[in-house]
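Presented below is the structure to which this report refers.
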Amino acid sequence: MKAEMYRRGVDYKTACQKLLSLLGEDREIWFRNDNDGEIARLSRSSVGKLLSNDAVHKSTGNGFTREQHYAAASDIESLFTNSYKIWSYPDKSGNPDVFMHRFAAPIPVRGGVAYITVKESRKHGKRIYSAELMEIKRLGGILEEAGQGPLRTSPAPSLQSPIRPAGMLEEARENSPTHFPSTGFHTDNIRKLESKVNTQDEKV
């Protein structure tokens with residue numbers, strides 16, 4: 001069913017309603033990444049970024065449809081939960097209180113991934129910032145340009161079941177960084193991502 005949703009896509013209204021329903025009365029929700037255990041929140045500003053024309057144009061410029069972008073936006077909980085962290089770097093505008101993380105998750109469109117941006121601040125922790133769709137070969141090119149060698153294939157590990165612990169907001173605040181990690185690529189996760197995409201493509 002999900003593969004069909006991605007092939008056909010969804011409209012803006014459907015995606016927006018689903019995302020806003022996730023936020024609920026608190027106007028935000030926290031997700032835990034199953035692969036690294038990292039926590040990031042989805043807020044109303046996250047929803048605005050995910051559905052913005054700028055984000056849509058990046059996906060359509062990569063060969064996907066507007067409706068496929070909205071399908072991925074509406075599926076952001078599952079995408080982030082099952083994504084792989086592949087790249088971390090300081091804020092490009094030079095803000096010392098901000099650090100950026102890039103995650104990527106396979107989507108059920110041949111060779112496709114959702115490239116997710118997570119923005120981390122000392123004060124508020126990690127927030128899902130935006131996402132775009134692209135082919136994994138394009139992602140490989142982006143990483144090579146940034147100094148990372150070609151993607152290489154290795155067997156993907158078994159994915160754990162989703163974890164939904166209580167007190168996620170308190171945990172995130174307690175773990176708010178006093179300093180950020182150094183810039184770097186998460187090479188093992190890059191390999192796992194490619195293996196996962198290749199395995200998924202065999203089923204499409």
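Convention: chains lettered A, B, ... in structure tokens order; per-chain residue numbering from 1; ligands numbered from 1 as shown.
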
Query raised in the report: So which residues touch Leu20 of chain A within 8 Å, counting only C-alpha atoms, skipping near sequence neighbours fewer than 5 positions away, as a VMD selection string?
Result: chain A and resid 27 44 47

Query - Shell around Pro108 of chain A at 10 Å using only C-alpha atoms, local window under 4 positions removed, as a VMD selection string - result: chain A and resid 2 to 7 112 to 113 197 200 to 201 203 to 204

Store the residues picked out above in a file with N, CA, C and O atoms, as an mmCIF file, in the first residue's frame.
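That gives us part.cif:
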data_model
loop_
_atom_site.group_PDB
_atom_site.id
_atom_site.type_symbol
_atom_site.label_atom_id
_atom_site.label_comp_id
_atom_site.auth_asym_id
_atom_site.auth_seq_id
_atom_site.Cartn_x
_atom_site.Cartn_y
_atom_site.Cartn_z
ATOM 1 N N LYS A 2 1.936 1.252 0.815
ATOM 2 C CA LYS A 2 2.781 2.433 0.883
ATOM 3 C C LYS A 2 3.499 2.671 -0.434
ATOM 4 O O LYS A 2 3.666 3.826 -0.861
ATOM 5 N N ALA A 3 3.910 1.586 -1.104
ATOM 6 C CA ALA A 3 4.572 1.746 -2.402
ATOM 7 C C ALA A 3 3.640 2.428 -3.394
ATOM 8 O O ALA A 3 4.061 3.294 -4.168
ATOM 9 N N GLU A 4 2.383 2.072 -3.353
ATOM 10 C CA GLU A 4 1.398 2.688 -4.255
ATOM 11 C C GLU A 4 1.205 4.161 -3.901
ATOM 12 O O GLU A 4 1.072 5.014 -4.790
ATOM 13 N N MET A 5 1.205 4.476 -2.600
ATOM 14 C CA MET A 5 1.065 5.867 -2.185
ATOM 15 C C MET A 5 2.213 6.709 -2.732
ATOM 16 O O MET A 5 2.019 7.830 -3.209
ATOM 17 N N TYR A 6 3.414 6.165 -2.688
ATOM 18 C CA TYR A 6 4.565 6.900 -3.195
ATOM 19 C C TYR A 6 4.548 7.022 -4.714
ATOM 20 O O TYR A 6 4.977 8.044 -5.258
ATOM 21 N N ARG A 7 4.083 6.000 -5.395
ATOM 22 C CA ARG A 7 4.040 6.065 -6.860
ATOM 23 C C ARG A 7 3.039 7.118 -7.318
ATOM 24 O O ARG A 7 3.320 7.913 -8.209
ATOM 25 N N GLY A 112 15.279 5.598 -4.965
ATOM 26 C CA GLY A 112 14.977 6.862 -4.318
ATOM 27 C C GLY A 112 15.239 6.875 -2.823
ATOM 28 O O GLY A 112 15.131 5.849 -2.142
ATOM 29 N N VAL A 113 15.585 8.058 -2.320
ATOM 30 C CA VAL A 113 15.737 8.266 -0.883
ATOM 31 C C VAL A 113 15.121 9.602 -0.509
ATOM 32 O O VAL A 113 15.010 10.515 -1.337
ATOM 33 N N VAL A 197 18.591 0.399 0.142
ATOM 34 C CA VAL A 197 17.968 0.837 -1.108
ATOM 35 C C VAL A 197 18.051 -0.263 -2.143
ATOM 36 O O VAL A 197 17.080 -0.559 -2.847
ATOM 37 N N GLN A 200 15.606 -2.985 -1.343
ATOM 38 C CA GLN A 200 14.237 -2.555 -1.611
ATOM 39 C C GLN A 200 13.949 -2.543 -3.112
ATOM 40 O O GLN A 200 12.867 -2.914 -3.542
ATOM 41 N N ASP A 201 14.936 -2.117 -3.907
ATOM 42 C CA ASP A 201 14.744 -2.073 -5.357
ATOM 43 C C ASP A 201 14.469 -3.449 -5.940
ATOM 44 O O ASP A 201 13.737 -3.579 -6.920
ATOM 45 N N LYS A 203 12.652 -5.593 -4.735
ATOM 46 C CA LYS A 203 11.254 -5.947 -4.463
ATOM 47 C C LYS A 203 10.276 -5.112 -5.280
ATOM 48 O O LYS A 203 9.091 -5.389 -5.317
ATOM 49 N N VAL A 204 10.772 -4.003 -5.877
ATOM 50 C CA VAL A 204 9.886 -3.106 -6.613
ATOM 51 C C VAL A 204 9.545 -3.691 -7.976
ATOM 52 O O VAL A 204 10.419 -4.199 -8.662
#

Query raised in the report: Which of these, A:Ile116, A:Trp87, A:Glu77, A:Ile39, has the shortest distance to Asn189 of chain A once you count only C-alpha atoms?
Result: A:Trp87

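Of the residues under consideration (A:Phe80, A:Phe31, A:Phe64, A:Tyr115), A:Tyr115 shows the shortest atom-to-atom contact distance to Arg102 of chain A when counting only C-alpha atoms.
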
**Report entry** Using only C-alpha atoms: which of A:Thr187, A:Ser74, A:Asn82, A:Ser130 has the shortest distance to Ser59 of chain A
**Finding:**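 Selected residue with least distance to Ser59 of chain A: A:Ser130.
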
Query raised in the report: Looking only at the backbone, which of the residues in segment 33-172 of chain A does DSSP tag as strand (DSSP E or B), as a ChimeraX atom specification?
Result: /A:39-43,84-90,98-106,112-121,125-135

Would you mind listing what lies within 8 Å of Pro90 of chain A as a short mmCIF file (atom, residue, chain, number, x, y, z; two decimals) with N, CA and C atoms, in the first residue's frame, with only C-alpha atoms counted and same-chain residues fewer than 6 positions away left out?
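Full text of out-v5.cif as output:
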data_model
loop_
_atom_site.label_atom_id
_atom_site.label_comp_id
_atom_site.auth_asym_id
_atom_site.auth_seq_id
_atom_site.Cartn_x
_atom_site.Cartn_y
_atom_site.Cartn_z
N PRO A 96 27.42 29.69 15.95
CA PRO A 96 28.08 28.69 16.80
C PRO A 96 27.11 27.87 17.65
N VAL A 98 24.36 26.46 16.46
CA VAL A 98 23.57 25.60 15.58
C VAL A 98 24.48 24.58 14.90
N PHE A 99 23.98 23.36 14.77
CA PHE A 99 24.70 22.28 14.09
C PHE A 99 23.69 21.54 13.23
N MET A 100 24.12 21.09 12.06
CA MET A 100 23.22 20.45 11.11
C MET A 100 23.53 18.96 10.98
N THR A 183 32.59 17.75 12.78
CA THR A 183 32.07 17.49 11.44
C THR A 183 32.49 16.10 10.99
#

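Using only C-alpha atoms, the smallest distance between any of A:Tyr129, A:Tyr70, A:Tyr89, A:Tyr84 and Ser43 of chain A comes from A:Tyr129.
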
Query raised in the report: What does the distance between atom CA of Ile29 of chain A and atom CA of Asp91 of chain A come to in Å, to one decimal place?
Result: 23.8 Å

Query - Residue set, segment 13-195 of chain A restricted to alpha helix (DSSP H), as an NGL selection string - result: :A and (13-23 or 44-50 or 53-61 or 66-74 or 76-81 or 136-145 or 168-174 or 187-195)

Report task. Would you please work out which residue, of A:His124, A:His57, A:Lys137, A:His69, is nearest to Gly111 of chain A when using only C-alpha atoms? Result -> A:Lys137

Query raised in the report: When you draw a straight line from atom CA of Val109 of chain A to atom CA of Trp30 of chain A, how long is it in Å?
Result: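 We find that atom CA of Val109 of chain A and atom CA of Trp30 of chain A lie 26.7 Å from each other.
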
Query raised in the report: If you count only C-alpha atoms, which residues fall within 7 Å of Ala73 of chain A, apart from same-chain ones fewer than 6 positions away, as a VMD selection string?
Result: chain A and resid 15 50 to 51
